[in-house]
Amino acid sequence: MNDVSNPLVAVSACTKQLGLHPFHIVGDKYVRAVVEGAGALPLVVPALAALTDTQTLLASIDGLLLTGSPSNIEPRHYHGEPSAPGTLHDPARDASNLPLINAALQASVPLLAICRGFQELNVALGGSLHQCVHEVGRYADHREPTDQPVEVQYAARQALLVQPGGLLEAMGLPARMQVNSIHGQGIDRLAERLRVEALAPDGLIEAVSAIDARAFALGVQFHPEWQVRSHPHYLTIFQAFGAACRQRAAQR
């Protein structure tokens with residue numbers, strides 16, 4: 001019998017070579033936010049697409065969290081130009097997450113997608129990306145100051161303009177709030193199945209929801225997992241995700 005009070009959330013992993021051995025890894029802040037923000041139990045899912053039965057996985061979980069990452073989606077997945085030399089990619093993660101997103105939406109699994117996960121959501125549903133937002137003339141530089149401490153990099157320094165009538169407004173979030181900004185890529189062409197939930201002041205899409213989803217399905221370009229208990233608006237997002245996961249656990 002499922003524990004409705006402690007739903008199970010799958011957390012997508014990245015791959016990384018450490019010394020002589022490949023690893024599947026997840027940032028501490030993501031799994032902590034699942035526990036402290038969503039009130040759920042995190043389950044790290046390795047990027048092993050060929051060895052994973054997607055339907056069995058989705059039937060066993062109550063939510064899916066797609067994390068941020070130092071890597072970027074390979075541009076071939078959205079018919080983009082080749083990446084600049086030195087761009088970090090994670091083909092195993094692409095192969096796992098892009099088909100998993102569509103399957104999760106079809107199975108009505110609550111979904112929260114953050115940063116790279118947000119971009120994966122758009123690409124999986126047919127959208128495209130700007131590979132270097134700061135090189136697109138109409139947009140600001142959304143990258144973090146790399147020469148500053150992590151607390152400064154993740155500080156809430158960008159306005160988020162919540163659009164009316166959507167999921168974020170329904171959560172009770174204000175029309176304008178401050179969030180962090182730590183990304184070099186961003187949405188170019190929005191997938192047709194996605195709705196704009198929030199914008200940056202320069203017009204860049206910062207949050208989306210899936211129009212046809214039968215369960216919670218939200219993507220955000222910023223990082224609400226960062227010190228989630230200390231930021232009320234970030235906590236609101238994770239609590240809404242956790243509530244959706246508990247609802248699924250009760251149904252399962």
# chains A, B, ... in the order shown; residues from 1 in each chain; ligands from 1
$ residues_around --residues "stretch 63-74 of chain A" --least-positions-apart "3" --cutoff "7 Å" --atoms "only C-alpha atoms" --output "PDB file with N, CA and C atoms, in the first residue's frame"
ATOM      1  N   LEU A   8       6.541   9.109  -3.428  1.00  0.00           N
ATOM      2  CA  LEU A   8       7.833   8.798  -4.031  1.00  0.00           C
ATOM      3  C   LEU A   8       8.044   9.644  -5.285  1.00  0.00           C
ATOM      4  N   VAL A   9       9.103  10.434  -5.290  1.00  0.00           N
ATOM      5  CA  VAL A   9       9.410  11.312  -6.422  1.00  0.00           C
ATOM      6  C   VAL A   9      10.699  10.861  -7.099  1.00  0.00           C
ATOM      7  N   ALA A  10      10.612  10.518  -8.366  1.00  0.00           N
ATOM      8  CA  ALA A  10      11.796  10.184  -9.147  1.00  0.00           C
ATOM      9  C   ALA A  10      12.540  11.470  -9.497  1.00  0.00           C
ATOM     10  N   VAL A  11      13.856  11.463  -9.295  1.00  0.00           N
ATOM     11  CA  VAL A  11      14.701  12.626  -9.571  1.00  0.00           C
ATOM     12  C   VAL A  11      15.700  12.231 -10.646  1.00  0.00           C
ATOM     13  N   SER A  12      15.688  12.943 -11.762  1.00  0.00           N
ATOM     14  CA  SER A  12      16.555  12.578 -12.883  1.00  0.00           C
ATOM     15  C   SER A  12      18.025  12.820 -12.558  1.00  0.00           C
ATOM     16  N   TYR A  30      18.584  19.466  -4.913  1.00  0.00           N
ATOM     17  CA  TYR A  30      17.356  18.939  -5.505  1.00  0.00           C
ATOM     18  C   TYR A  30      16.708  17.881  -4.611  1.00  0.00           C
ATOM     19  N   HIS A  77      18.611  17.632 -31.110  1.00  0.00           N
ATOM     20  CA  HIS A  77      17.261  17.262 -30.675  1.00  0.00           C
ATOM     21  C   HIS A  77      16.219  18.323 -31.014  1.00  0.00           C
ATOM     22  N   LEU A  88      29.395  21.529 -22.697  1.00  0.00           N
ATOM     23  CA  LEU A  88      29.219  20.245 -22.027  1.00  0.00           C
ATOM     24  C   LEU A  88      27.862  19.652 -22.377  1.00  0.00           C
ATOM     25  N   HIS A  89      27.863  18.410 -22.832  1.00  0.00           N
ATOM     26  CA  HIS A  89      26.633  17.689 -23.144  1.00  0.00           C
ATOM     27  C   HIS A  89      26.552  16.415 -22.314  1.00  0.00           C
ATOM     28  N   ASP A  90      25.349  15.845 -22.276  1.00  0.00           N
ATOM     29  CA  ASP A  90      25.110  14.600 -21.555  1.00  0.00           C
ATOM     30  C   ASP A  90      24.142  13.764 -22.386  1.00  0.00           C
ATOM     31  N   ASP A  94      19.929  13.041 -22.153  1.00  0.00           N
ATOM     32  CA  ASP A  94      18.994  13.362 -23.236  1.00  0.00           C
ATOM     33  C   ASP A  94      18.174  12.131 -23.614  1.00  0.00           C
ATOM     34  N   VAL A 109       1.588  11.644 -14.463  1.00  0.00           N
ATOM     35  CA  VAL A 109       2.517  11.737 -13.342  1.00  0.00           C
ATOM     36  C   VAL A 109       2.857  13.214 -13.117  1.00  0.00           C
ATOM     37  N   PRO A 110       2.654  13.759 -11.911  1.00  0.00           N
ATOM     38  CA  PRO A 110       3.028  15.150 -11.650  1.00  0.00           C
ATOM     39  C   PRO A 110       4.489  15.411 -12.006  1.00  0.00           C
ATOM     40  N   LEU A 111       4.739  16.553 -12.635  1.00  0.00           N
ATOM     41  CA  LEU A 111       6.059  16.853 -13.175  1.00  0.00           C
ATOM     42  C   LEU A 111       6.475  18.263 -12.781  1.00  0.00           C
ATOM     43  N   LEU A 112       7.695  18.382 -12.252  1.00  0.00           N
ATOM     44  CA  LEU A 112       8.312  19.675 -12.001  1.00  0.00           C
ATOM     45  C   LEU A 112       9.666  19.671 -12.687  1.00  0.00           C
ATOM     46  N   ALA A 113       9.866  20.590 -13.622  1.00  0.00           N
ATOM     47  CA  ALA A 113      11.082  20.639 -14.431  1.00  0.00           C
ATOM     48  C   ALA A 113      11.821  21.938 -14.148  1.00  0.00           C
ATOM     49  N   ILE A 114      13.103  21.849 -13.802  1.00  0.00           N
ATOM     50  CA  ILE A 114      13.894  22.997 -13.381  1.00  0.00           C
ATOM     51  C   ILE A 114      15.094  23.191 -14.312  1.00  0.00           C
ATOM     52  N   CYS A 115      15.305  24.397 -14.788  1.00  0.00           N
ATOM     53  CA  CYS A 115      16.470  24.812 -15.569  1.00  0.00           C
ATOM     54  C   CYS A 115      16.696  23.898 -16.781  1.00  0.00           C
ATOM     55  N   ARG A 116      17.688  23.009 -16.751  1.00  0.00           N
ATOM     56  CA  ARG A 116      17.842  22.099 -17.892  1.00  0.00           C
ATOM     57  C   ARG A 116      16.572  21.283 -18.086  1.00  0.00           C
ATOM     58  N   GLY A 117      15.955  20.881 -16.988  1.00  0.00           N
ATOM     59  CA  GLY A 117      14.697  20.145 -17.073  1.00  0.00           C
ATOM     60  C   GLY A 117      13.603  20.943 -17.773  1.00  0.00           C
ATOM     61  N   CYS A 245       1.666  15.198  -5.892  1.00  0.00           N
ATOM     62  CA  CYS A 245       2.249  13.863  -5.729  1.00  0.00           C
ATOM     63  C   CYS A 245       1.466  13.049  -4.703  1.00  0.00           C
TER      64      CYS A 245
END
$ residues_around --residues "A:Pro145" --least-positions-apart "3" --cutoff "12 Å" --atoms "only C-alpha atoms" --output "list of chain:residue names"
A:Asp141, A:His142, A:Gln148, A:Pro149, A:Val150, A:Glu151, A:Val152, A:Gln153, A:Tyr154, A:Ala155, A:Arg157, A:Asn180, A:Ser181, A:Ile182, A:His183, A:Gly184
$ write_last_selection --atoms "N, CA, C and O atoms" --output "PDB file, in the first residue's frame"
ATOM      1  N   ASP A 141      21.673  39.360 -20.094  1.00  0.00           N
ATOM      2  CA  ASP A 141      22.550  38.247 -19.737  1.00  0.00           C
ATOM      3  C   ASP A 141      21.986  37.602 -18.471  1.00  0.00           C
ATOM      4  O   ASP A 141      21.956  38.217 -17.403  1.00  0.00           O
ATOM      5  N   HIS A 142      21.520  36.379 -18.596  1.00  0.00           N
ATOM      6  CA  HIS A 142      20.868  35.689 -17.474  1.00  0.00           C
ATOM      7  C   HIS A 142      21.819  34.769 -16.714  1.00  0.00           C
ATOM      8  O   HIS A 142      21.389  34.032 -15.836  1.00  0.00           O
ATOM      9  N   GLN A 148      31.615  35.165  -7.962  1.00  0.00           N
ATOM     10  CA  GLN A 148      31.019  35.455  -6.665  1.00  0.00           C
ATOM     11  C   GLN A 148      30.713  34.165  -5.901  1.00  0.00           C
ATOM     12  O   GLN A 148      30.592  33.092  -6.491  1.00  0.00           O
ATOM     13  N   PRO A 149      30.570  34.241  -4.566  1.00  0.00           N
ATOM     14  CA  PRO A 149      30.196  33.060  -3.788  1.00  0.00           C
ATOM     15  C   PRO A 149      28.843  32.515  -4.240  1.00  0.00           C
ATOM     16  O   PRO A 149      28.029  33.238  -4.826  1.00  0.00           O
ATOM     17  N   VAL A 150      28.591  31.246  -3.958  1.00  0.00           N
ATOM     18  CA  VAL A 150      27.370  30.598  -4.432  1.00  0.00           C
ATOM     19  C   VAL A 150      26.131  31.290  -3.893  1.00  0.00           C
ATOM     20  O   VAL A 150      25.096  31.360  -4.571  1.00  0.00           O
ATOM     21  N   GLU A 151      26.215  31.861  -2.683  1.00  0.00           N
ATOM     22  CA  GLU A 151      25.057  32.556  -2.116  1.00  0.00           C
ATOM     23  C   GLU A 151      24.698  33.781  -2.948  1.00  0.00           C
ATOM     24  O   GLU A 151      23.520  34.147  -3.064  1.00  0.00           O
ATOM     25  N   VAL A 152      25.697  34.428  -3.536  1.00  0.00           N
ATOM     26  CA  VAL A 152      25.455  35.582  -4.402  1.00  0.00           C
ATOM     27  C   VAL A 152      24.946  35.110  -5.759  1.00  0.00           C
ATOM     28  O   VAL A 152      24.030  35.701  -6.345  1.00  0.00           O
ATOM     29  N   GLN A 153      25.520  34.029  -6.277  1.00  0.00           N
ATOM     30  CA  GLN A 153      25.086  33.510  -7.572  1.00  0.00           C
ATOM     31  C   GLN A 153      23.601  33.134  -7.552  1.00  0.00           C
ATOM     32  O   GLN A 153      22.889  33.363  -8.533  1.00  0.00           O
ATOM     33  N   TYR A 154      23.144  32.573  -6.444  1.00  0.00           N
ATOM     34  CA  TYR A 154      21.760  32.100  -6.345  1.00  0.00           C
ATOM     35  C   TYR A 154      20.833  33.112  -5.687  1.00  0.00           C
ATOM     36  O   TYR A 154      19.682  32.794  -5.386  1.00  0.00           O
ATOM     37  N   ALA A 155      21.310  34.323  -5.461  1.00  0.00           N
ATOM     38  CA  ALA A 155      20.465  35.351  -4.846  1.00  0.00           C
ATOM     39  C   ALA A 155      19.326  35.737  -5.788  1.00  0.00           C
ATOM     40  O   ALA A 155      19.461  35.688  -7.013  1.00  0.00           O
ATOM     41  N   ARG A 157      17.688  38.047  -7.799  1.00  0.00           N
ATOM     42  CA  ARG A 157      18.104  39.328  -8.371  1.00  0.00           C
ATOM     43  C   ARG A 157      17.379  39.672  -9.669  1.00  0.00           C
ATOM     44  O   ARG A 157      17.657  40.691 -10.284  1.00  0.00           O
ATOM     45  N   ASN A 180      16.076  33.906  -8.667  1.00  0.00           N
ATOM     46  CA  ASN A 180      17.471  33.844  -9.109  1.00  0.00           C
ATOM     47  C   ASN A 180      17.534  33.690 -10.636  1.00  0.00           C
ATOM     48  O   ASN A 180      16.511  33.451 -11.290  1.00  0.00           O
ATOM     49  N   SER A 181      18.716  33.844 -11.189  1.00  0.00           N
ATOM     50  CA  SER A 181      18.903  33.728 -12.638  1.00  0.00           C
ATOM     51  C   SER A 181      20.268  33.116 -12.894  1.00  0.00           C
ATOM     52  O   SER A 181      21.298  33.763 -12.690  1.00  0.00           O
ATOM     53  N   ILE A 182      20.265  31.849 -13.336  1.00  0.00           N
ATOM     54  CA  ILE A 182      21.515  31.087 -13.449  1.00  0.00           C
ATOM     55  C   ILE A 182      21.445  30.215 -14.694  1.00  0.00           C
ATOM     56  O   ILE A 182      21.428  28.997 -14.611  1.00  0.00           O
ATOM     57  N   HIS A 183      21.382  30.834 -15.858  1.00  0.00           N
ATOM     58  CA  HIS A 183      21.290  30.021 -17.074  1.00  0.00           C
ATOM     59  C   HIS A 183      21.830  30.788 -18.265  1.00  0.00           C
ATOM     60  O   HIS A 183      21.698  32.011 -18.346  1.00  0.00           O
ATOM     61  N   GLY A 184      22.418  30.037 -19.181  1.00  0.00           N
ATOM     62  CA  GLY A 184      22.932  30.622 -20.410  1.00  0.00           C
ATOM     63  C   GLY A 184      22.032  30.361 -21.597  1.00  0.00           C
ATOM     64  O   GLY A 184      22.067  31.098 -22.582  1.00  0.00           O
TER      65      GLY A 184
END
$ atom_distance --atom1 "atom CA of A:Pro99" --atom2 "atom CA of A:His79"
16.6 Å
$ select_by_dssp --residues "stretch 120-226 of chain A" --states "helix (DSSP H, G or I)" --output "list in words"
Glu120, Leu121, Asn122, Val123, Ala124, Val133, His134, Glu135, Val150, Glu151, Val152, Gln153, Leu167, Leu168, Glu169 and Ala170 of chain A
$ closest_residue --among "A:Leu129, A:Val123, A:Leu43, A:Met171" --to "A:Val31" --atoms "only C-alpha atoms"
A:Leu43
$ residues_around --residues "A:Ile211" --least-positions-apart "4" --cutoff "8 Å" --atoms "only C-alpha atoms" --output "VMD selection string"
chain A and resid 193 to 195
$ decode --residues "stretch 183-203 of chain A" --atoms "C-alpha atoms" --output "compact mmCIF listing (two decimals), in the first residue's frame"
# COMPACT_ATOMS: atom_id res chain seq x y z
CA HIS A 183 21.29 30.02 -17.07
CA GLY A 184 22.93 30.62 -20.41
CA GLN A 185 20.33 28.93 -22.60
CA GLY A 186 16.60 29.58 -22.86
CA ILE A 187 13.47 28.96 -24.86
CA ASP A 188 13.44 30.18 -28.47
CA ARG A 189 10.36 28.56 -30.05
CA LEU A 190 7.80 27.56 -27.44
CA ALA A 191 6.30 24.10 -27.89
CA GLU A 192 2.63 24.27 -28.92
CA ARG A 193 1.54 22.16 -25.95
CA LEU A 194 3.07 24.62 -23.46
CA ARG A 195 1.59 27.76 -21.94
CA VAL A 196 3.67 30.73 -20.78
CA GLU A 197 3.41 31.01 -16.99
CA ALA A 198 5.98 33.77 -16.37
CA LEU A 199 8.40 36.08 -18.16
CA ALA A 200 11.57 37.95 -17.31
CA PRO A 201 11.42 41.75 -17.78
CA ASP A 202 13.20 41.35 -21.13
CA GLY A 203 10.47 38.99 -22.37
